[in-house]
Structure formats: structure tokens, C-alpha cells
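Comments concern the structure below.
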Amino acid sequence: MDYLPLHFDLSDRLVLVVGGGTVASRKVDLLLQAGARVRLVAPVVDDTLRQQLADGHEIIEAHYDRQYLEGVVLVVGATSDPVVNSRISGDAQEKSIPVNVVDAPALCTVVFPAIVDRSPVLLSIGSSGTSPVLSRHLRLLLEQALPDGISRLAQYLKGKRQWLKQIWPDVDQRRRITEQFMSSPGMNYALEGRFEAADEYLSDADAAIVQGEVYLVGGGPGDPDLLTLKALQLLQLADVILYDNLVSDKVLNRARRDAYKEFVGKRSGYQSMQQENINELLVRLAREGKRVLRLKGGDPFIFGRGGEEIEALVAEQIPFQVVPGITAASGCAAYAGIPLTHRDYSQSVRFVTGHPRDGDVNLSWNELVSPNQTIVFYMGLGGLASICRHLTEHGLAVDTPVAVVSRGTTPEQKVVRGSLNTITGLVASAQVETPTLIIIGQVVSLYQNHPMNLPGTRPPNHS
Ligand code: SAH
């Protein structure tokens, strides 16, 4: 995060604006809406500004001087002179006063976000100075997405705050009651301004909360945009999130900020939590009334031990939901431009665990060597040499194409291509990083000059 968004209470506080034209006027307009007192300094002041600042504000017709910083909590530089702007910024920073210079990000310690104003609800959107156009575009989308009555709903909840506090002094419980209300028809009544009808749902909200739940959620292979909508909704709702090492930080960042997050995966050098302990933890937290989200890489039911976790929940009668995710095979194949099946080359695909035991991979190799099939090995990097040897010994051609996809769907994605007799050497010299997926079959050689979905690449041109 390059900036921390804060909402600044400016009511009756003094703000210095330097500049006498349209740019200054636009900023003054915003500052006045926030209830600030404005001190305007400029040798020439246009009429609009004079009208805006007619009551209770200061207009000083002079060149900027640092003495005008006295007593102000924020400075806005809006002159067309870069030298003056730079002095304003330097002086303000010396006195630790937040400063914004219009259109000069390097001189700012604070920036004005794009705003969606449904007071008391305010959404501020920033692009860390990269693109004001992008921020404004997002603002437009949000304006359209927000229901009209959002101000009424906010007023309603504000009015209920004290009452809620008295009845449910515990902050966690209060939050759960309010969330329950928000997913009831009561919220719609409040949006429409029908507050008495809304009251009924608010009073009943505690009865609707029975006990905690567990959500077993697939977090996909790495790119956070591959999360399902349902996964996102639950990530925003959960009180506790237990996650694995395959879950990327970017995915975790989509979770509710104040959810309690605990890592329960394997990490080299650390003692990892045993599966039974994870199962027990899920049960205990749900019994405490928490909404627990178990977040796994890819899909929870594909080499994800999801089956074992729900067994424990079923046994203990804990309500749960399973949310599928995009499994590594689908994600990596798509982003590497490898279709897992193809009418001409491969009529079936198999997902296989390639985890070696004592250096060897033991599988029913005879079933795997059909030429018109794609095989995807999960957890197979350590056993790559053994996999290739077994497949060729059982009759698969040595020139069968193989791709090893490392950190698929992330900006660090790397694809090493070769064939059964070359891939081990190629991977060794390319030093690929985990997690890696191995894809074997004729489909691997299709579209190989057209990496897909990664920043800066285009889909293949079939013309
Ligand atoms: N449940 C997960 C798989 C867990 S097993 C899923 O459905 O994807 C762990 C294995 O998944 C890793 O050893 C690796 O083979 C594969 N994997 C997971 N994410 C990956 C990624 N981003 N890139 C490459 N392989 C990945």
C-alpha cells in the first residue's frame, strides 16, 4: 500500500490554499463541503473564489509566504508556478503539515482521492498518483453500483448505535447482529426509509444467529482475480481465516481487514500444524459461534484434503459450505496457453499426484501411458526424473511434450517446455521455483509461442 487512506475531520479547522484561479476554486469547493475554514493567499483572486469565501474565511491578496502556514492543519498548493509550489511543499513538510500540490505528486504528502459522496457514507478511491482517470472511472462504476438509499441506511444504523451498544455490549456479537440484519429484508426496508419495518428485523436478528459455520473455500492458483464471487463474499464475511501456504498474499488481501488470520500450512523451518489439529480447530471455533473460513490453494477437493476436513465437521454436526476454486491444472494450463483436452490430440485428462516416496513415484503406470491423454502431475517436481523414466519404460514416446509450469497465474509464472527425455535437464538448469505443475501430452506443443493472460501478452492470433 503506497498511501494510507484516512478521512480527515476538517470541520472548523483552518486550511491554507495558495492560488487564485479555477484550480484553487475547485479545491476550495471540496474543503467547504467538509466544513473547513479557508485562508486563501494569492496576489490576484478571481470572482468565483471571492464569492465562495465571502463568509467567515480569510482572503489575503499577497504572494505566498511561509508566515501564512501559522495555525493551519492542511496546505493546498494550487499555483501555476512550479517554484512557488515547491517552496510551499518544502515549508509545509518542514513544519510537518500535510500538503497537497495540485498535479505534482512528488510535492505531496497527501493526495485527494476521487470521492463517491452519499454522506454520511463516503467512498474514496485512489490510484496512488498513477492515474486520476482510472480513479474517476472506478468512481463512476461505484456510483452506479451503490443503491440510492445508502444514505438512509447509514442514518438508520447511526440512530441505532446506542441502542445496539446497550443490548449487546460485546463488540463481536454486535457486529454479528448487524451483519445478520444486513442480510435480512430489514436492510431493504431501511434503504427505502421504512424504518419501523426495519426495526422488527433488527430486534429479531439475534434469534436468526444460531451458531458458527465453516466455509471450505478454494482460493485458486494465485491470481486473485480468479477467485469466485462466492469466495469473495465469504472472505468478506468470515471472522476467522485459516490459510495454507499455497494461498497467495494477494488472495489473502481480499479478505475482511479485521478478520483474524492464521497460517496453518507447512513452511520450511517451522513446525506445521497436523491435520487432526486443524480439524479440531475448525470445530472448536465454529462451536464458539465464529464463521470460520478454511482457505486452500486451488480447489479444496483436488489434492486439498478437503474431504478429511468435512468428515470432522459432519461428525460434529457443524454446518459448512464448500466453495470450489480454480484448480492449479486449469489455471496453469490456461495461463500457459495449453488446452488440457483437444479434439485432435487428447480426449481425456488425468490429475495425478506425483509426490515421490523414498525418491520414487509409485503409480499404475500402465494406465497412464495412453497417447491420446493429457496427464497433469501435482506435487511432482521432486519426482520429475522418476515420472519421465517410468512413463517411457511403460511405452510413452520419449519425444512426448512436457511443460513444467512454476508459480502459475502469478506475475512470476515460468513455463519450461521439453519432452520426456529432456525436461529433467532443462528444469534443473532453469532453477524453477515451487509450486510447480507438470503437464504431459501432445497438447503441450500447441500455441507454444503464445503465452496467454500474463501482463503484456495477447491471446494467439488465429487468422
Ligand atoms: N488443491 C490444490 C492442489 C494442492 S496440491 C489445487 O486444486 O490446485 C499442491 C500442488 O498444486 C503443488 O505441488 C503444485 O503441483 C500445484 N500447484 C498449486 N498452485 C500452483 C501454481 N500456482 N502453479 C503451479 N502449480 C501449482
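Ligands are numbered from 1 in the order shown, residues from 1 within each chain, and chains are lettered A, B, ... in the order they appear in the C-alpha cells.
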- Message: Taking only C-alpha atoms and all ligand atoms into account, list the residues no farther than 8 Å from ligand 1, as a ChimeraX atom specification.
- Response: /A:218,220-222,246,296-305,325-329,331-332,353,377-381,405-410,413,434-438
Who sits within 10 Å of range 14-20 of chain A, only C-alpha atoms, same chain under 2 positions skipped, as a PDB file with N, CA, C and O atoms, in the first residue's frame:
ATOM      1  N   LEU A  10     -12.336  18.029   9.040  1.00  0.00           N
ATOM      2  CA  LEU A  10     -11.856  19.400   8.842  1.00  0.00           C
ATOM      3  C   LEU A  10     -12.808  20.445   9.405  1.00  0.00           C
ATOM      4  O   LEU A  10     -12.574  21.639   9.238  1.00  0.00           O
ATOM      5  N   SER A  11     -13.885  19.998  10.064  1.00  0.00           N
ATOM      6  CA  SER A  11     -14.898  20.988  10.418  1.00  0.00           C
ATOM      7  C   SER A  11     -14.317  22.039  11.357  1.00  0.00           C
ATOM      8  O   SER A  11     -13.708  21.732  12.377  1.00  0.00           O
ATOM      9  N   ASP A  12     -14.436  23.299  10.924  1.00  0.00           N
ATOM     10  CA  ASP A  12     -13.939  24.455  11.651  1.00  0.00           C
ATOM     11  C   ASP A  12     -12.424  24.454  11.833  1.00  0.00           C
ATOM     12  O   ASP A  12     -11.898  25.100  12.731  1.00  0.00           O
ATOM     13  N   THR A  22      -9.027  28.936 -11.114  1.00  0.00           N
ATOM     14  CA  THR A  22     -10.006  27.849 -11.150  1.00  0.00           C
ATOM     15  C   THR A  22      -9.570  26.617 -10.363  1.00  0.00           C
ATOM     16  O   THR A  22     -10.389  25.967  -9.710  1.00  0.00           O
ATOM     17  N   VAL A  23      -8.272  26.291 -10.464  1.00  0.00           N
ATOM     18  CA  VAL A  23      -7.784  25.089  -9.781  1.00  0.00           C
ATOM     19  C   VAL A  23      -7.987  25.235  -8.275  1.00  0.00           C
ATOM     20  O   VAL A  23      -8.489  24.332  -7.593  1.00  0.00           O
ATOM     21  N   ALA A  24      -7.638  26.410  -7.770  1.00  0.00           N
ATOM     22  CA  ALA A  24      -7.823  26.672  -6.341  1.00  0.00           C
ATOM     23  C   ALA A  24      -9.302  26.607  -5.994  1.00  0.00           C
ATOM     24  O   ALA A  24      -9.710  26.031  -4.980  1.00  0.00           O
ATOM     25  N   SER A  25     -10.120  27.166  -6.874  1.00  0.00           N
ATOM     26  CA  SER A  25     -11.554  27.232  -6.613  1.00  0.00           C
ATOM     27  C   SER A  25     -12.160  25.832  -6.454  1.00  0.00           C
ATOM     28  O   SER A  25     -12.992  25.598  -5.579  1.00  0.00           O
ATOM     29  N   LYS A  27     -10.663  23.133  -5.403  1.00  0.00           N
ATOM     30  CA  LYS A  27     -10.257  22.554  -4.115  1.00  0.00           C
ATOM     31  C   LYS A  27     -11.012  23.237  -2.970  1.00  0.00           C
ATOM     32  O   LYS A  27     -11.430  22.603  -2.014  1.00  0.00           O
ATOM     33  N   VAL A  28     -11.203  24.560  -3.086  1.00  0.00           N
ATOM     34  CA  VAL A  28     -11.925  25.308  -2.054  1.00  0.00           C
ATOM     35  C   VAL A  28     -13.346  24.735  -1.926  1.00  0.00           C
ATOM     36  O   VAL A  28     -13.863  24.555  -0.820  1.00  0.00           O
ATOM     37  N   LEU A  31     -13.204  21.682   0.152  1.00  0.00           N
ATOM     38  CA  LEU A  31     -12.873  21.984   1.544  1.00  0.00           C
ATOM     39  C   LEU A  31     -14.077  22.576   2.271  1.00  0.00           C
ATOM     40  O   LEU A  31     -14.339  22.260   3.436  1.00  0.00           O
ATOM     41  N   GLY A  35     -16.553  21.482   5.605  1.00  0.00           N
ATOM     42  CA  GLY A  35     -16.718  22.378   6.762  1.00  0.00           C
ATOM     43  C   GLY A  35     -15.458  23.099   7.204  1.00  0.00           C
ATOM     44  O   GLY A  35     -15.391  23.635   8.314  1.00  0.00           O
ATOM     45  N   ALA A  36     -14.436  23.143   6.333  1.00  0.00           N
ATOM     46  CA  ALA A  36     -13.172  23.783   6.735  1.00  0.00           C
ATOM     47  C   ALA A  36     -13.293  25.305   6.712  1.00  0.00           C
ATOM     48  O   ALA A  36     -14.156  25.871   6.027  1.00  0.00           O
ATOM     49  N   ARG A  37     -12.400  25.964   7.487  1.00  0.00           N
ATOM     50  CA  ARG A  37     -12.206  27.405   7.319  1.00  0.00           C
ATOM     51  C   ARG A  37     -11.025  27.562   6.377  1.00  0.00           C
ATOM     52  O   ARG A  37     -10.022  26.856   6.512  1.00  0.00           O
ATOM     53  N   VAL A  38     -11.155  28.477   5.425  1.00  0.00           N
ATOM     54  CA  VAL A  38     -10.112  28.578   4.408  1.00  0.00           C
ATOM     55  C   VAL A  38      -9.362  29.904   4.537  1.00  0.00           C
ATOM     56  O   VAL A  38      -9.964  30.957   4.735  1.00  0.00           O
ATOM     57  N   ARG A  39      -8.031  29.801   4.449  1.00  0.00           N
ATOM     58  CA  ARG A  39      -7.202  31.008   4.301  1.00  0.00           C
ATOM     59  C   ARG A  39      -6.641  30.955   2.883  1.00  0.00           C
ATOM     60  O   ARG A  39      -5.878  30.034   2.568  1.00  0.00           O
ATOM     61  N   LEU A  40      -7.066  31.894   2.053  1.00  0.00           N
ATOM     62  CA  LEU A  40      -6.625  31.892   0.662  1.00  0.00           C
ATOM     63  C   LEU A  40      -5.559  32.962   0.451  1.00  0.00           C
ATOM     64  O   LEU A  40      -5.752  34.107   0.826  1.00  0.00           O
ATOM     65  N   VAL A  41      -4.444  32.550  -0.141  1.00  0.00           N
ATOM     66  CA  VAL A  41      -3.380  33.510  -0.412  1.00  0.00           C
ATOM     67  C   VAL A  41      -3.087  33.534  -1.904  1.00  0.00           C
ATOM     68  O   VAL A  41      -2.801  32.484  -2.496  1.00  0.00           O
ATOM     69  N   ALA A  42      -3.189  34.715  -2.532  1.00  0.00           N
ATOM     70  CA  ALA A  42      -2.843  34.865  -3.948  1.00  0.00           C
ATOM     71  C   ALA A  42      -2.788  36.346  -4.256  1.00  0.00           C
ATOM     72  O   ALA A  42      -3.586  37.113  -3.714  1.00  0.00           O
ATOM     73  N   PRO A  43      -1.848  36.751  -5.129  1.00  0.00           N
ATOM     74  CA  PRO A  43      -1.773  38.185  -5.462  1.00  0.00           C
ATOM     75  C   PRO A  43      -3.023  38.644  -6.218  1.00  0.00           C
ATOM     76  O   PRO A  43      -3.472  39.768  -6.056  1.00  0.00           O
ATOM     77  N   VAL A  44      -3.588  37.744  -7.039  1.00  0.00           N
ATOM     78  CA  VAL A  44      -4.815  38.088  -7.766  1.00  0.00           C
ATOM     79  C   VAL A  44      -5.847  36.999  -7.493  1.00  0.00           C
ATOM     80  O   VAL A  44      -5.544  35.820  -7.643  1.00  0.00           O
ATOM     81  N   VAL A  45      -7.058  37.407  -7.076  1.00  0.00           N
ATOM     82  CA  VAL A  45      -8.069  36.420  -6.685  1.00  0.00           C
ATOM     83  C   VAL A  45      -9.287  36.559  -7.587  1.00  0.00           C
ATOM     84  O   VAL A  45      -9.822  37.663  -7.737  1.00  0.00           O
ATOM     85  N   ASP A  46      -9.723  35.477  -8.210  1.00  0.00           N
ATOM     86  CA  ASP A  46     -10.850  35.644  -9.145  1.00  0.00           C
ATOM     87  C   ASP A  46     -12.191  35.723  -8.406  1.00  0.00           C
ATOM     88  O   ASP A  46     -12.292  35.416  -7.213  1.00  0.00           O
ATOM     89  N   ASP A  47     -13.229  36.124  -9.166  1.00  0.00           N
ATOM     90  CA  ASP A  47     -14.515  36.439  -8.531  1.00  0.00           C
ATOM     91  C   ASP A  47     -15.181  35.226  -7.893  1.00  0.00           C
ATOM     92  O   ASP A  47     -15.800  35.333  -6.836  1.00  0.00           O
ATOM     93  N   THR A  48     -15.072  34.076  -8.576  1.00  0.00           N
ATOM     94  CA  THR A  48     -15.708  32.878  -8.015  1.00  0.00           C
ATOM     95  C   THR A  48     -15.177  32.616  -6.616  1.00  0.00           C
ATOM     96  O   THR A  48     -15.938  32.338  -5.682  1.00  0.00           O
ATOM     97  N   LEU A  49     -13.861  32.703  -6.473  1.00  0.00           N
ATOM     98  CA  LEU A  49     -13.267  32.460  -5.162  1.00  0.00           C
ATOM     99  C   LEU A  49     -13.783  33.460  -4.128  1.00  0.00           C
ATOM    100  O   LEU A  49     -14.064  33.107  -2.982  1.00  0.00           O
ATOM    101  N   ARG A  50     -13.903  34.702  -4.555  1.00  0.00           N
ATOM    102  CA  ARG A  50     -14.395  35.731  -3.617  1.00  0.00           C
ATOM    103  C   ARG A  50     -15.793  35.378  -3.119  1.00  0.00           C
ATOM    104  O   ARG A  50     -16.093  35.499  -1.937  1.00  0.00           O
ATOM    105  N   HIS A  57     -14.230  33.438   6.082  1.00  0.00           N
ATOM    106  CA  HIS A  57     -12.935  32.923   5.623  1.00  0.00           C
ATOM    107  C   HIS A  57     -11.973  34.084   5.399  1.00  0.00           C
ATOM    108  O   HIS A  57     -12.391  35.243   5.382  1.00  0.00           O
ATOM    109  N   GLU A  58     -10.674  33.753   5.212  1.00  0.00           N
ATOM    110  CA  GLU A  58      -9.699  34.836   5.013  1.00  0.00           C
ATOM    111  C   GLU A  58      -9.227  34.852   3.563  1.00  0.00           C
ATOM    112  O   GLU A  58      -8.879  33.801   3.017  1.00  0.00           O
ATOM    113  N   ILE A  59      -9.196  36.045   2.971  1.00  0.00           N
ATOM    114  CA  ILE A  59      -8.545  36.162   1.667  1.00  0.00           C
ATOM    115  C   ILE A  59      -7.379  37.129   1.838  1.00  0.00           C
ATOM    116  O   ILE A  59      -7.573  38.266   2.298  1.00  0.00           O
ATOM    117  N   ILE A  60      -6.180  36.673   1.523  1.00  0.00           N
ATOM    118  CA  ILE A  60      -5.012  37.535   1.663  1.00  0.00           C
ATOM    119  C   ILE A  60      -4.439  37.787   0.273  1.00  0.00           C
ATOM    120  O   ILE A  60      -3.961  36.850  -0.381  1.00  0.00           O
ATOM    121  N   GLU A  61      -4.532  39.014  -0.182  1.00  0.00           N
ATOM    122  CA  GLU A  61      -4.038  39.312  -1.538  1.00  0.00           C
ATOM    123  C   GLU A  61      -2.563  39.655  -1.478  1.00  0.00           C
ATOM    124  O   GLU A  61      -2.185  40.809  -1.308  1.00  0.00           O
ATOM    125  N   ALA A  62      -1.761  38.620  -1.586  1.00  0.00           N
ATOM    126  CA  ALA A  62      -0.308  38.789  -1.478  1.00  0.00           C
ATOM    127  C   ALA A  62       0.361  37.571  -2.067  1.00  0.00           C
ATOM    128  O   ALA A  62      -0.298  36.574  -2.333  1.00  0.00           O
ATOM    129  N   HIS A  63       1.692  37.682  -2.263  1.00  0.00           N
ATOM    130  CA  HIS A  63       2.436  36.492  -2.683  1.00  0.00           C
ATOM    131  C   HIS A  63       2.572  35.540  -1.500  1.00  0.00           C
ATOM    132  O   HIS A  63       2.544  35.967  -0.341  1.00  0.00           O
ATOM    133  N   TYR A  64       2.753  34.259  -1.823  1.00  0.00           N
ATOM    134  CA  TYR A  64       2.882  33.267  -0.760  1.00  0.00           C
ATOM    135  C   TYR A  64       4.065  33.593   0.147  1.00  0.00           C
ATOM    136  O   TYR A  64       5.126  34.005  -0.325  1.00  0.00           O
ATOM    137  N   ASP A  65       3.883  33.373   1.418  1.00  0.00           N
ATOM    138  CA  ASP A  65       4.976  33.500   2.374  1.00  0.00           C
ATOM    139  C   ASP A  65       4.753  32.464   3.464  1.00  0.00           C
ATOM    140  O   ASP A  65       3.606  32.144   3.800  1.00  0.00           O
ATOM    141  N   TYR A  68       2.134  32.379   6.443  1.00  0.00           N
ATOM    142  CA  TYR A  68       0.713  32.029   6.335  1.00  0.00           C
ATOM    143  C   TYR A  68       0.408  30.597   6.751  1.00  0.00           C
ATOM    144  O   TYR A  68      -0.738  30.178   6.799  1.00  0.00           O
ATOM    145  N   LEU A  69       1.469  29.828   7.019  1.00  0.00           N
ATOM    146  CA  LEU A  69       1.259  28.444   7.471  1.00  0.00           C
ATOM    147  C   LEU A  69       0.828  28.377   8.932  1.00  0.00           C
ATOM    148  O   LEU A  69       0.412  27.334   9.422  1.00  0.00           O
ATOM    149  N   GLU A  70       0.960  29.493   9.612  1.00  0.00           N
ATOM    150  CA  GLU A  70       0.661  29.533  11.045  1.00  0.00           C
ATOM    151  C   GLU A  70      -0.773  29.045  11.335  1.00  0.00           C
ATOM    152  O   GLU A  70      -1.732  29.568  10.764  1.00  0.00           O
ATOM    153  N   GLY A  71      -0.887  28.043  12.162  1.00  0.00           N
ATOM    154  CA  GLY A  71      -2.217  27.611  12.627  1.00  0.00           C
ATOM    155  C   GLY A  71      -3.008  26.750  11.661  1.00  0.00           C
ATOM    156  O   GLY A  71      -4.162  26.427  11.931  1.00  0.00           O
ATOM    157  N   VAL A  72      -2.425  26.355  10.513  1.00  0.00           N
ATOM    158  CA  VAL A  72      -3.217  25.566   9.580  1.00  0.00           C
ATOM    159  C   VAL A  72      -2.952  24.072   9.761  1.00  0.00           C
ATOM    160  O   VAL A  72      -1.882  23.664  10.204  1.00  0.00           O
ATOM    161  N   VAL A  73      -3.969  23.246   9.405  1.00  0.00           N
ATOM    162  CA  VAL A  73      -3.811  21.793   9.574  1.00  0.00           C
ATOM    163  C   VAL A  73      -3.566  21.100   8.226  1.00  0.00           C
ATOM    164  O   VAL A  73      -3.271  19.910   8.176  1.00  0.00           O
ATOM    165  N   LEU A  74      -3.710  21.871   7.148  1.00  0.00           N
ATOM    166  CA  LEU A  74      -3.537  21.279   5.812  1.00  0.00           C
ATOM    167  C   LEU A  74      -3.205  22.410   4.848  1.00  0.00           C
ATOM    168  O   LEU A  74      -3.705  23.521   5.000  1.00  0.00           O
ATOM    169  N   VAL A  75      -2.337  22.100   3.872  1.00  0.00           N
ATOM    170  CA  VAL A  75      -1.966  23.109   2.886  1.00  0.00           C
ATOM    171  C   VAL A  75      -2.247  22.577   1.491  1.00  0.00           C
ATOM    172  O   VAL A  75      -1.920  21.433   1.185  1.00  0.00           O
ATOM    173  N   VAL A  76      -2.866  23.433   0.664  1.00  0.00           N
ATOM    174  CA  VAL A  76      -3.078  23.049  -0.725  1.00  0.00           C
ATOM    175  C   VAL A  76      -2.376  24.072  -1.618  1.00  0.00           C
ATOM    176  O   VAL A  76      -2.655  25.267  -1.557  1.00  0.00           O
ATOM    177  N   GLY A  77      -1.436  23.590  -2.425  1.00  0.00           N
ATOM    178  CA  GLY A  77      -0.742  24.461  -3.376  1.00  0.00           C
ATOM    179  C   GLY A  77      -1.451  24.380  -4.711  1.00  0.00           C
ATOM    180  O   GLY A  77      -1.537  23.304  -5.294  1.00  0.00           O
ATOM    181  N   ALA A  78      -1.959  25.492  -5.195  1.00  0.00           N
ATOM    182  CA  ALA A  78      -2.699  25.460  -6.455  1.00  0.00           C
ATOM    183  C   ALA A  78      -2.272  26.627  -7.330  1.00  0.00           C
ATOM    184  O   ALA A  78      -3.095  27.272  -7.981  1.00  0.00           O
ATOM    185  N   THR A  79      -0.974  26.909  -7.333  1.00  0.00           N
ATOM    186  CA  THR A  79      -0.493  27.994  -8.202  1.00  0.00           C
ATOM    187  C   THR A  79       0.057  27.375  -9.483  1.00  0.00           C
ATOM    188  O   THR A  79       0.302  26.174  -9.548  1.00  0.00           O
ATOM    189  N   SER A  80       0.265  28.212 -10.508  1.00  0.00           N
ATOM    190  CA  SER A  80       0.800  27.669 -11.756  1.00  0.00           C
ATOM    191  C   SER A  80       2.323  27.800 -11.791  1.00  0.00           C
ATOM    192  O   SER A  80       2.950  27.489 -12.790  1.00  0.00           O
ATOM    193  N   ASP A  81       2.902  28.263 -10.681  1.00  0.00           N
ATOM    194  CA  ASP A  81       4.352  28.486 -10.659  1.00  0.00           C
ATOM    195  C   ASP A  81       5.057  27.338  -9.919  1.00  0.00           C
ATOM    196  O   ASP A  81       4.928  27.198  -8.700  1.00  0.00           O
ATOM    197  N   VAL A  84       7.112  28.299  -6.780  1.00  0.00           N
ATOM    198  CA  VAL A  84       6.305  28.611  -5.591  1.00  0.00           C
ATOM    199  C   VAL A  84       5.735  27.313  -5.010  1.00  0.00           C
ATOM    200  O   VAL A  84       5.811  27.077  -3.798  1.00  0.00           O
ATOM    201  N   ASN A  85       5.195  26.463  -5.897  1.00  0.00           N
ATOM    202  CA  ASN A  85       4.627  25.200  -5.424  1.00  0.00           C
ATOM    203  C   ASN A  85       5.658  24.401  -4.630  1.00  0.00           C
ATOM    204  O   ASN A  85       5.359  23.830  -3.586  1.00  0.00           O
ATOM    205  N   ILE A  88       6.157  25.915  -1.217  1.00  0.00           N
ATOM    206  CA  ILE A  88       5.020  25.621  -0.334  1.00  0.00           C
ATOM    207  C   ILE A  88       5.196  24.223   0.247  1.00  0.00           C
ATOM    208  O   ILE A  88       5.069  24.001   1.454  1.00  0.00           O
ATOM    209  N   VAL A  99       0.548  18.272   3.079  1.00  0.00           N
ATOM    210  CA  VAL A  99       0.493  19.203   1.956  1.00  0.00           C
ATOM    211  C   VAL A  99       0.104  18.473   0.670  1.00  0.00           C
ATOM    212  O   VAL A  99       0.533  17.359   0.425  1.00  0.00           O
ATOM    213  N   ASN A 100      -0.731  19.161  -0.109  1.00  0.00           N
ATOM    214  CA  ASN A 100      -1.093  18.663  -1.427  1.00  0.00           C
ATOM    215  C   ASN A 100      -0.811  19.749  -2.443  1.00  0.00           C
ATOM    216  O   ASN A 100      -1.224  20.896  -2.260  1.00  0.00           O
ATOM    217  N   VAL A 101      -0.057  19.407  -3.473  1.00  0.00           N
ATOM    218  CA  VAL A 101       0.147  20.356  -4.561  1.00  0.00           C
ATOM    219  C   VAL A 101      -0.517  19.767  -5.795  1.00  0.00           C
ATOM    220  O   VAL A 101      -0.213  18.640  -6.191  1.00  0.00           O
TER     221      VAL A 101
END
- Query: Taking the backbone alone, and naming residues the way the document does, which bits of range 146-372 of chain A are strand (DSSP E or B) by DSSP, as a VMD selection string?
  - Reply: chain A and resid 213 to 218 220 240 to 243 260 to 263 291 to 296 298 320 to 323 342 346 348 to 353 357 360
As a compact mmCIF listing (two decimals) with C-alpha atoms, in the first residue's frame, which residues of range 361-426 of chain A does DSSP assign to helix (DSSP H, G or I)?
# COMPACT_ATOMS: atom_id res chain seq x y z
CA TRP A 365 1.92 -46.58 -14.93
CA ASN A 366 0.21 -48.86 -17.45
CA GLU A 367 -2.97 -46.81 -17.12
CA LEU A 368 -1.14 -43.55 -17.72
CA LEU A 381 8.71 -31.62 -9.12
CA GLY A 382 10.84 -33.76 -6.77
CA GLY A 383 9.80 -36.87 -8.67
CA LEU A 384 10.14 -35.46 -12.21
CA ALA A 385 13.02 -37.71 -13.28
CA SER A 386 11.28 -40.77 -11.89
CA ILE A 387 7.97 -39.84 -13.59
CA CYS A 388 9.62 -39.42 -17.01
CA ARG A 389 11.56 -42.67 -16.63
CA HIS A 390 8.51 -44.73 -15.65
CA LEU A 391 6.38 -43.30 -18.47
CA THR A 392 8.98 -44.06 -21.16
CA GLU A 393 9.69 -47.51 -19.70
CA ILE A 423 12.69 -31.92 -19.40
CA THR A 424 14.59 -33.02 -16.29
CA GLY A 425 17.80 -31.38 -17.50
CA LEU A 426 16.01 -28.25 -18.68
- Task: Please measure the separation of CA of Val349 in chain A and CA of Val376 in chain A, giving the value in Å to one decimal.
- Result: 7.4 Å
- Near Tyr243 in chain A, counting only C-alpha atoms, which residues have an atom at most 10 Å away, once you skip same-chain residues fewer than 2 positions from it, shown as a list of chain:residue names?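 The contact residues come out as A:Val217, A:Gly219, A:Val240, A:Ile241, A:Asn245, A:Leu246, A:Val247, A:Ser248, A:Leu252, A:Lys261, A:Glu262, A:Phe263, A:Val264, A:Gly265, A:Leu293, A:Arg294, A:Leu295, A:Lys296, A:Gly297.
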- Message: I need the residue nearest Gly289 in chain A from this list: A:Ala238, A:Val83, A:Leu32, A:Leu146. Use only C-alpha atoms for the distance.
- Response: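 Once distances to Gly289 in chain A are computed over only C-alpha atoms, the minimum belongs to A:Ala238.
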- Which residue gives the smallest distance to Pro113 in chain A among A:Ile318, A:Ile177, A:Ile97, A:Leu30, with only C-alpha atoms counted?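 Counting only C-alpha atoms, the residue closest to Pro113 in chain A is A:Leu30.
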- Message: List as an MDAnalysis selection string the protein and nucleic acid residues near range 160-175 of chain A, meaning an atom at most 10 Å away when only C-alpha atoms are counted, but skip any in the same chain fewer than 3 places from it.
- Response: chainID A and resid 154:157 178:181 199 202:203 206 209 239 289:290
Could you write out that same residue set with N, CA and C atoms as a PDB file, in the first residue's frame?
ATOM      1  N   ALA A 154     -27.416   4.343   6.228  1.00  0.00           N
ATOM      2  CA  ALA A 154     -26.360   4.765   7.153  1.00  0.00           C
ATOM      3  C   ALA A 154     -26.947   5.582   8.300  1.00  0.00           C
ATOM      4  N   GLN A 155     -27.879   6.469   7.991  1.00  0.00           N
ATOM      5  CA  GLN A 155     -28.528   7.261   9.045  1.00  0.00           C
ATOM      6  C   GLN A 155     -29.258   6.354  10.020  1.00  0.00           C
ATOM      7  N   TYR A 156     -29.936   5.366   9.471  1.00  0.00           N
ATOM      8  CA  TYR A 156     -30.696   4.430  10.305  1.00  0.00           C
ATOM      9  C   TYR A 156     -29.763   3.714  11.279  1.00  0.00           C
ATOM     10  N   LEU A 157     -28.652   3.183  10.730  1.00  0.00           N
ATOM     11  CA  LEU A 157     -27.733   2.440  11.595  1.00  0.00           C
ATOM     12  C   LEU A 157     -27.080   3.355  12.627  1.00  0.00           C
ATOM     13  N   THR A 178     -25.537  -7.000  13.561  1.00  0.00           N
ATOM     14  CA  THR A 178     -25.728  -6.018  12.491  1.00  0.00           C
ATOM     15  C   THR A 178     -25.580  -6.695  11.131  1.00  0.00           C
ATOM     16  N   GLU A 179     -24.601  -7.599  11.011  1.00  0.00           N
ATOM     17  CA  GLU A 179     -24.427  -8.280   9.726  1.00  0.00           C
ATOM     18  C   GLU A 179     -25.634  -9.147   9.390  1.00  0.00           C
ATOM     19  N   GLN A 180     -26.169  -9.789  10.424  1.00  0.00           N
ATOM     20  CA  GLN A 180     -27.365 -10.603  10.206  1.00  0.00           C
ATOM     21  C   GLN A 180     -28.506  -9.722   9.673  1.00  0.00           C
ATOM     22  N   PHE A 181     -28.629  -8.559  10.307  1.00  0.00           N
ATOM     23  CA  PHE A 181     -29.657  -7.613   9.863  1.00  0.00           C
ATOM     24  C   PHE A 181     -29.423  -7.210   8.403  1.00  0.00           C
ATOM     25  N   ASP A 199     -37.014  -2.035  11.929  1.00  0.00           N
ATOM     26  CA  ASP A 199     -36.818  -2.284  13.362  1.00  0.00           C
ATOM     27  C   ASP A 199     -37.135  -3.730  13.742  1.00  0.00           C
ATOM     28  N   LEU A 202     -34.332  -5.918  12.950  1.00  0.00           N
ATOM     29  CA  LEU A 202     -33.167  -5.678  13.801  1.00  0.00           C
ATOM     30  C   LEU A 202     -33.381  -6.340  15.164  1.00  0.00           C
ATOM     31  N   SER A 203     -34.588  -6.226  15.714  1.00  0.00           N
ATOM     32  CA  SER A 203     -34.832  -6.848  17.030  1.00  0.00           C
ATOM     33  C   SER A 203     -34.755  -8.361  16.937  1.00  0.00           C
ATOM     34  N   ASP A 206     -30.916 -11.366  16.534  1.00  0.00           N
ATOM     35  CA  ASP A 206     -30.169 -12.300  17.384  1.00  0.00           C
ATOM     36  C   ASP A 206     -30.750 -13.710  17.321  1.00  0.00           C
ATOM     37  N   ILE A 209     -29.328 -15.796  14.498  1.00  0.00           N
ATOM     38  CA  ILE A 209     -27.967 -16.327  14.572  1.00  0.00           C
ATOM     39  C   ILE A 209     -27.979 -17.562  15.457  1.00  0.00           C
ATOM     40  N   ASP A 239     -15.132 -14.425  10.211  1.00  0.00           N
ATOM     41  CA  ASP A 239     -14.475 -13.852  11.394  1.00  0.00           C
ATOM     42  C   ASP A 239     -13.036 -14.343  11.501  1.00  0.00           C
ATOM     43  N   GLY A 289     -19.183 -20.024  17.868  1.00  0.00           N
ATOM     44  CA  GLY A 289     -20.087 -19.130  17.148  1.00  0.00           C
ATOM     45  C   GLY A 289     -19.396 -18.353  16.031  1.00  0.00           C
ATOM     46  N   LYS A 290     -18.161 -18.723  15.729  1.00  0.00           N
ATOM     47  CA  LYS A 290     -17.432 -17.976  14.699  1.00  0.00           C
ATOM     48  C   LYS A 290     -17.764 -18.494  13.298  1.00  0.00           C
TER      49      LYS A 290
END
